[in-house]
Amino acid sequence: MFIFSLLYVFVISYIIVRYEQKLPLLVIDGKGTTNLKNFLEYIVILFYAFTAFMTLLSYKKQPKKSYLDLILAFVFLVLSELLFTLYKNVYDVQNFLGHLYKGISYIYFMKGIYIATIKEPYDARKKAEEELKKREKHLKTITSSLGEGVIVLDKDKKITFMNQEAERLLGYQKNELLGKALFQKIHCGNENQCASLCECPIYQTMELKKAYRVEEDFCVRKDGTLLPIAYVSTPMIDDNGEIIGSVVVFRDITERKKYNEKIKYQAYHDALTDLPNRRYLIEKLKNELKRAEKHNSQIAILYLDLDNFKNINDSFGHVMGDLLLKNVAQRLTMIHPDCFIARLGGDEFAVLLSGNDLNVEEIACKTIQILTQPIKLENKEVFITTSIGISVYPKDGDDEMTLIQHADMAMYDAKKKGKNQFSFYTTKLEQQRTRKSKIEQLLRTALENEEISLCYQPIVDTVSKRIIGLEAFVRWHHPEIGEIPANEFIAVAEENGLIVSLGKHILITALQDLKHLHEIGFDHLYVSVNLSLRQLRHHDFAALISQLLQKNKLQANYLELEITENIALCDEKHVIHSIQKLKDIGVRIAIDDFGIGRSSIGYLRTFSVDTLKIDKSFIFDVTTNPNTAHLTSALITFAHNLNLQVVAEGVETAEQLGFLEQHHCDKIQGYLFSPPVSFEQLVSLLHNSSSRC
């Protein structure tokens with residue numbers, strides 16, 4: 001525009017000077033302006049008016065003071081040009097006013113241009129600077145109250161800003177760090193050593209133009225200590241997409257780390273004994289297995305369970321029980337100071353041994369020996385024993401869960417052998433566990449598939465040799481694995497609770513069979529059925545017995561329920577009440593396997609018993625062992641003095657029968673007369689017996 005204006009002025013000036021005489025006249029002195037001049041003036045007036053109008057429109061869109069000055073300038077220009085069409089000579093008032101108005105318009109032009117190009121930009125800049133200062137102050141207030149450190153880096157990764165919290169956390173004054181490289185001065189890659197610059201997330205933020213969130217890192221304070229931090233590094237990118245720096249916002253996570261460590265400790269340790277727990281043992285064992293595989297060494301697990309610990313809780317209370325567990329934990333730590341010891345829950349502990357040439361047996365014996373020593377708790381001496389199961393890597397397994405499981409199985413084997421001893425895992429235990437698991441699964445459907453049946457062994461009157469009763473025995477023939485011994489699946493049923501359903505099935509079947517026998521003429525017979533403690537604990541067991549007797553139209557005295565001495569010694573009020581209710585409705589109660597249970601016979605004062613059944617272990621050598629003979633004779637006399645019937649089990653020879661007859665035993669059962677037989681065989685046996693009589 002400047003060059004164009006110069007050319008324009010030069011061309012016009014040249015034409016006027018060079019062709020002055022040839023140019024048309026625009027003003028005739030004394031006559032005024034010519035038509036050509038007026039026409040040219042009107043064109044200029046229209047241009048000025050149009051420009052003023054457009055400036056007015058701009059003012060309406062964006063009101064600026066400079067627009068008003070420019071509009072006034074154009075208005076005065078329009079007026080001056082109109083006056084220039086009216087004067088007669090150069091000395092007229094119109095000509096003077098025209099030039100005056102033009103001068104005024106130039107003043108407004110200068111004012112408008114000054115405002116638009118100098119004052120308004122200056123004011124805007126000043127206002128922007130004031131706003132920027134205000135915002136910086138506001139931002140500083142915000143960053144100071146964040147509770148997090150803020151550091152701004154330039155593109156060279158040097159510090160250009162840091163807030164008060166950053167100063168406080170790092171221990172530096174702002175002027176000590178401004179212009180310094182963050183990585184070299186305060187940022188560290190991990191707790192032990194600084195990572196390389198190319199691995200630093202803050203460095204990667206600028207290189208990759210990508211924000212990074214780091215949950216755990218470290219900075220170096222001014223005093224040289226490490227500050228654990230979590231931070232977010234965000235790139236600053238200009239409008240052209242170029243990196244101009246980054247912002248690092250970080251916070252102190254010291255307390256969080258302490259809290260996490262506390263939570264982790266609690267998650268991996270037992271609250272009562274402060275020993276490692278099962279989870280910790282599993283992780284420790286996993287790591288030890290890797291090390292043992294690498295160095296070809298051995299690992300052994302001692303799985304300990306305190307014997308009869310429930311008796312301690314029941315006798316002295318749970319507080320004393322907890323004290324005992326703490327004492328056991330202390331003793332184990334004392335015995336095995338270099339071993340990993342864990343409490344697995346309840347009264348179970350584990351000792352982890354590793355190395356070469358482990359003398360596991362000696363360690364197990366020493367553990368049992370020290371734990372058998374009396375423990376003094378609140379001026380009371382408490383005695384405890386332990387059963388230990390042992391599994392060894394690599395012989396007994398190559399992963400942590402298998403080794404723990406096998407040690408657990410060996411521990412239960414030690415308990416079965418009599419407790420207070422140790423047992424090594426063998427493949428036989430695994431076979432037993434597998435079979436037990438399979439039996440447990442099959443037993444759930446055995447009742448539905450009618451695989452469970454009953455057989456009966458006659459109970460014979462010693463004098464008349466007449467069959468007067470039956471003892472029901474449960475049998476299970478599975479179509480795939482064949483005959484399963486009763487003691488095997490009944491033990492499984494006791495553990496998983498199926499004994500209640502199984503016992504109900506036995507009672508229903510036995511009473512139905514007895515009803516049928518009564519209907520075909522053997523109405524003098526009674527049936528004897530063994531009971532489980534779980535059945536007696538069931539809240540409506542007595543009601544079930546009453547209901548079954550009524551359904552089969554049988555008198556209660558035709559049913560005899562056999563309980564063991566261990567059940568009779570149970571001091572649970574509900575069990576005692578349940579047995580009493582059975583007596584009240586007329587059911588007969590027999591003590592099975594009398595003489596091999598606990599030594600106390602005080603329960604006979606609590607229960608009203610009808611029959612004592614002498615265990616077959618007494619009958620086996622009653623004719624060959626004088627001590628057994630005297631003891632058996634005393635048991636029979638003892639029972640008769642209490643007005644109780646006596647049944648001798650396991651009678652197999654005529655000599656045994658003769659001894660029992662001599663000592664007036666009331667009833668006998670055994671293979672001498674008949675083994676347990678099916679119901680159909682029993683009916684035939686009863687008919688044959690009746691025909692002989």
# chains A, B, ... in the order shown; residues from 1 in each chain; ligands from 1
>>> select_by_dssp(residues="segment 205-421 of chain A", states="alpha helix (DSSP H)", output="JSON, numbers by chain")
{"A": [205, 206, 207, 208, 254, 255, 256, 257, 258, 259, 260, 261, 262, 263, 264, 265, 266, 267, 268, 278, 279, 280, 281, 282, 283, 284, 285, 286, 287, 288, 289, 290, 291, 292, 293, 294, 295, 309, 310, 311, 312, 313, 314, 315, 316, 318, 319, 320, 321, 322, 323, 324, 325, 326, 327, 328, 329, 330, 331, 332, 333, 334, 335, 360, 361, 362, 363, 364, 365, 366, 367, 368, 369, 370, 371, 400, 401, 402, 403, 404, 405, 406, 407, 408, 409, 410, 411, 412, 413, 414, 415, 416]}
>>> residues_around(residues="Thr234 of chain A", least_positions_apart="4", cutoff="10 Å", atoms="only C-alpha atoms", output="number ranges by chain")
A: 152, 202, 205-206, 209-213, 245-249
>>> write_last_selection(atoms="C-alpha atoms", output="compact mmCIF listing (two decimals), in the first residue's frame")
# COMPACT_ATOMS: atom_id res chain seq x y z
CA VAL A 152 7.56 -27.02 35.19
CA ILE A 202 9.70 -37.61 32.42
CA THR A 205 7.08 -37.46 28.09
CA MET A 206 8.95 -34.96 25.93
CA LYS A 209 4.70 -36.24 23.50
CA LYS A 210 2.82 -38.55 25.83
CA ALA A 211 1.64 -38.19 29.43
CA TYR A 212 2.89 -40.71 31.99
CA ARG A 213 1.46 -41.70 35.35
CA GLY A 245 8.29 -28.32 28.07
CA SER A 246 6.43 -30.48 30.54
CA VAL A 247 4.63 -30.26 33.88
CA VAL A 248 5.40 -32.75 36.65
CA VAL A 249 2.88 -32.99 39.49
>>> residues_around(residues="Lys380 of chain A", least_positions_apart="3", cutoff="12 Å", atoms="only C-alpha atoms", output="list of chain:residue names")
A:Ile312, A:Phe316, A:Met320, A:Leu323, A:Leu324, A:Pro374, A:Ile375, A:Lys376, A:Leu377, A:Phe383
>>> closest_atom_pairs(of="segment 436-554 of chain A", to="segment 640-658 of chain A", cutoff="12 Å", atoms="only C-alpha atoms", output="JSON lines")
{"residue": "A:Gln457", "atom": "CA", "partner": "A:Glu649", "partner_atom": "CA", "distance": 10.4}
{"residue": "A:Pro458", "atom": "CA", "partner": "A:Glu649", "partner_atom": "CA", "distance": 10.8}
{"residue": "A:Ile459", "atom": "CA", "partner": "A:Val647", "partner_atom": "CA", "distance": 8.1}
{"residue": "A:Val460", "atom": "CA", "partner": "A:Val647", "partner_atom": "CA", "distance": 9.0}
{"residue": "A:Asp461", "atom": "CA", "partner": "A:Val647", "partner_atom": "CA", "distance": 9.2}
{"residue": "A:Thr462", "atom": "CA", "partner": "A:Leu657", "partner_atom": "CA", "distance": 8.2}
{"residue": "A:Val463", "atom": "CA", "partner": "A:Leu657", "partner_atom": "CA", "distance": 10.5}
{"residue": "A:Lys465", "atom": "CA", "partner": "A:Leu657", "partner_atom": "CA", "distance": 10.7}
{"residue": "A:Ile468", "atom": "CA", "partner": "A:Val647", "partner_atom": "CA", "distance": 11.7}
{"residue": "A:Gly469", "atom": "CA", "partner": "A:Val647", "partner_atom": "CA", "distance": 10.8}
{"residue": "A:Leu470", "atom": "CA", "partner": "A:Val647", "partner_atom": "CA", "distance": 11.7}
{"residue": "A:Glu471", "atom": "CA", "partner": "A:Glu649", "partner_atom": "CA", "distance": 10.7}
{"residue": "A:Ser528", "atom": "CA", "partner": "A:Val647", "partner_atom": "CA", "distance": 11.6}
>>> residues_around(residues="Gln550 of chain A", least_positions_apart="4", cutoff="12 Å", atoms="only C-alpha atoms", output="PDB file with N, CA, C and O atoms, in the first residue's frame")
ATOM      1  N   ILE A 508     -35.854 -96.647  58.005  1.00  0.00           N
ATOM      2  CA  ILE A 508     -37.073 -96.886  57.217  1.00  0.00           C
ATOM      3  C   ILE A 508     -37.102 -98.324  56.702  1.00  0.00           C
ATOM      4  O   ILE A 508     -38.105 -99.035  56.824  1.00  0.00           O
ATOM      5  N   LEU A 511     -37.464-101.057  59.631  1.00  0.00           N
ATOM      6  CA  LEU A 511     -38.815-101.136  60.207  1.00  0.00           C
ATOM      7  C   LEU A 511     -39.813-101.707  59.200  1.00  0.00           C
ATOM      8  O   LEU A 511     -40.750-102.422  59.587  1.00  0.00           O
ATOM      9  N   GLN A 512     -39.617-101.392  57.911  1.00  0.00           N
ATOM     10  CA  GLN A 512     -40.491-101.992  56.893  1.00  0.00           C
ATOM     11  C   GLN A 512     -40.290-103.505  56.839  1.00  0.00           C
ATOM     12  O   GLN A 512     -41.268-104.276  56.740  1.00  0.00           O
ATOM     13  N   LYS A 515     -41.852-105.097  59.918  1.00  0.00           N
ATOM     14  CA  LYS A 515     -43.314-105.148  59.758  1.00  0.00           C
ATOM     15  C   LYS A 515     -43.712-106.346  58.903  1.00  0.00           C
ATOM     16  O   LYS A 515     -44.673-107.072  59.213  1.00  0.00           O
ATOM     17  N   ALA A 543     -38.885 -87.500  66.983  1.00  0.00           N
ATOM     18  CA  ALA A 543     -40.169 -87.382  66.270  1.00  0.00           C
ATOM     19  C   ALA A 543     -40.177 -88.284  65.036  1.00  0.00           C
ATOM     20  O   ALA A 543     -41.209 -88.882  64.698  1.00  0.00           O
ATOM     21  N   LEU A 544     -39.021 -88.384  64.353  1.00  0.00           N
ATOM     22  CA  LEU A 544     -38.925 -89.261  63.181  1.00  0.00           C
ATOM     23  C   LEU A 544     -39.146 -90.714  63.580  1.00  0.00           C
ATOM     24  O   LEU A 544     -39.896 -91.446  62.899  1.00  0.00           O
ATOM     25  N   ILE A 545     -38.523 -91.156  64.675  1.00  0.00           N
ATOM     26  CA  ILE A 545     -38.693 -92.533  65.148  1.00  0.00           C
ATOM     27  C   ILE A 545     -40.163 -92.811  65.466  1.00  0.00           C
ATOM     28  O   ILE A 545     -40.727 -93.846  65.064  1.00  0.00           O
ATOM     29  N   SER A 546     -40.784 -91.893  66.160  1.00  0.00           N
ATOM     30  CA  SER A 546     -42.197 -92.052  66.516  1.00  0.00           C
ATOM     31  C   SER A 546     -43.055 -92.142  65.260  1.00  0.00           C
ATOM     32  O   SER A 546     -43.978 -92.975  65.173  1.00  0.00           O
ATOM     33  N   LEU A 554     -45.964-100.536  64.494  1.00  0.00           N
ATOM     34  CA  LEU A 554     -45.109-101.346  65.353  1.00  0.00           C
ATOM     35  C   LEU A 554     -45.033-100.721  66.733  1.00  0.00           C
ATOM     36  O   LEU A 554     -44.992 -99.494  66.872  1.00  0.00           O
ATOM     37  N   GLN A 555     -45.015-101.569  67.749  1.00  0.00           N
ATOM     38  CA  GLN A 555     -44.815-101.064  69.099  1.00  0.00           C
ATOM     39  C   GLN A 555     -43.344-100.662  69.278  1.00  0.00           C
ATOM     40  O   GLN A 555     -42.442-101.259  68.694  1.00  0.00           O
ATOM     41  N   ALA A 556     -43.125 -99.645  70.106  1.00  0.00           N
ATOM     42  CA  ALA A 556     -41.785 -99.080  70.258  1.00  0.00           C
ATOM     43  C   ALA A 556     -40.786-100.079  70.812  1.00  0.00           C
ATOM     44  O   ALA A 556     -39.583-100.022  70.494  1.00  0.00           O
ATOM     45  N   ILE A 585     -40.809 -92.850  74.677  1.00  0.00           N
ATOM     46  CA  ILE A 585     -41.804 -93.424  73.765  1.00  0.00           C
ATOM     47  C   ILE A 585     -41.724 -94.947  73.733  1.00  0.00           C
ATOM     48  O   ILE A 585     -42.495 -95.590  73.020  1.00  0.00           O
TER      49      ILE A 585
END
>>> residues_around(residues="Gln580 of chain A", least_positions_apart="4", cutoff="9 Å", atoms="only C-alpha atoms", output="mmCIF file with N, CA, C and O atoms, in the first residue's frame")
data_model
loop_
_atom_site.group_PDB
_atom_site.id
_atom_site.type_symbol
_atom_site.label_atom_id
_atom_site.label_comp_id
_atom_site.auth_asym_id
_atom_site.auth_seq_id
_atom_site.Cartn_x
_atom_site.Cartn_y
_atom_site.Cartn_z
ATOM 1 N N VAL A 575 -28.281 -84.067 73.075
ATOM 2 C CA VAL A 575 -28.138 -85.507 72.843
ATOM 3 C C VAL A 575 -28.768 -86.292 73.997
ATOM 4 O O VAL A 575 -29.507 -87.263 73.783
ATOM 5 N N ILE A 576 -28.475 -85.868 75.223
ATOM 6 C CA ILE A 576 -29.058 -86.534 76.411
ATOM 7 C C ILE A 576 -30.578 -86.450 76.360
ATOM 8 O O ILE A 576 -31.294 -87.434 76.618
ATOM 9 N N ASP A 584 -38.736 -92.460 76.493
ATOM 10 C CA ASP A 584 -40.097 -92.109 76.905
ATOM 11 C C ASP A 584 -41.149 -92.707 75.984
ATOM 12 O O ASP A 584 -42.264 -93.030 76.431
ATOM 13 N N ILE A 585 -40.809 -92.850 74.677
ATOM 14 C CA ILE A 585 -41.804 -93.424 73.765
ATOM 15 C C ILE A 585 -41.724 -94.947 73.733
ATOM 16 O O ILE A 585 -42.495 -95.590 73.020
ATOM 17 N N PHE A 607 -28.273 -92.484 81.667
ATOM 18 C CA PHE A 607 -29.169 -93.108 80.698
ATOM 19 C C PHE A 607 -29.838 -94.345 81.304
ATOM 20 O O PHE A 607 -29.214 -95.112 82.027
ATOM 21 N N SER A 608 -31.089 -94.516 80.910
ATOM 22 C CA SER A 608 -31.806 -95.742 81.266
ATOM 23 C C SER A 608 -31.592 -96.724 80.128
ATOM 24 O O SER A 608 -32.250 -96.666 79.090
#
>>> select_by_dssp(residues="segment 141-291 of chain A", states="strand (DSSP E or B)", output="PyMOL selection string")
chain A and resi 149-154+158-162+181+187-188+212-220+226-237+243-252+269+276
>>> residues_around(residues="segment 170-178 of chain A", least_positions_apart="2", cutoff="7 Å", atoms="only C-alpha atoms", output="ChimeraX atom specification")
/A:159-162,166-168,180,221-222
>>> atom_distance(atom1="atom CA of Asp322 of chain A", atom2="atom CA of Lys310 of chain A")
11.6 Å
>>> residues_around(residues="Leu344 of chain A", least_positions_apart="6", cutoff="12 Å", atoms="only C-alpha atoms", output="VMD selection string")
chain A and resid 268 to 282 302 to 305 325 329 350 to 351 404 408
>>> atom_distance(atom1="atom CA of Ala300 of chain A", atom2="atom CA of Val360 of chain A")
7.4 Å
>>> atom_distance(atom1="atom CA of Gln94 of chain A", atom2="atom CA of Glu81 of chain A")
10.1 Å
>>> closest_residue(among="A:Val382, A:Asp156, A:Leu77, A:Lys102", to="Ser315 of chain A", atoms="only C-alpha atoms")
A:Val382
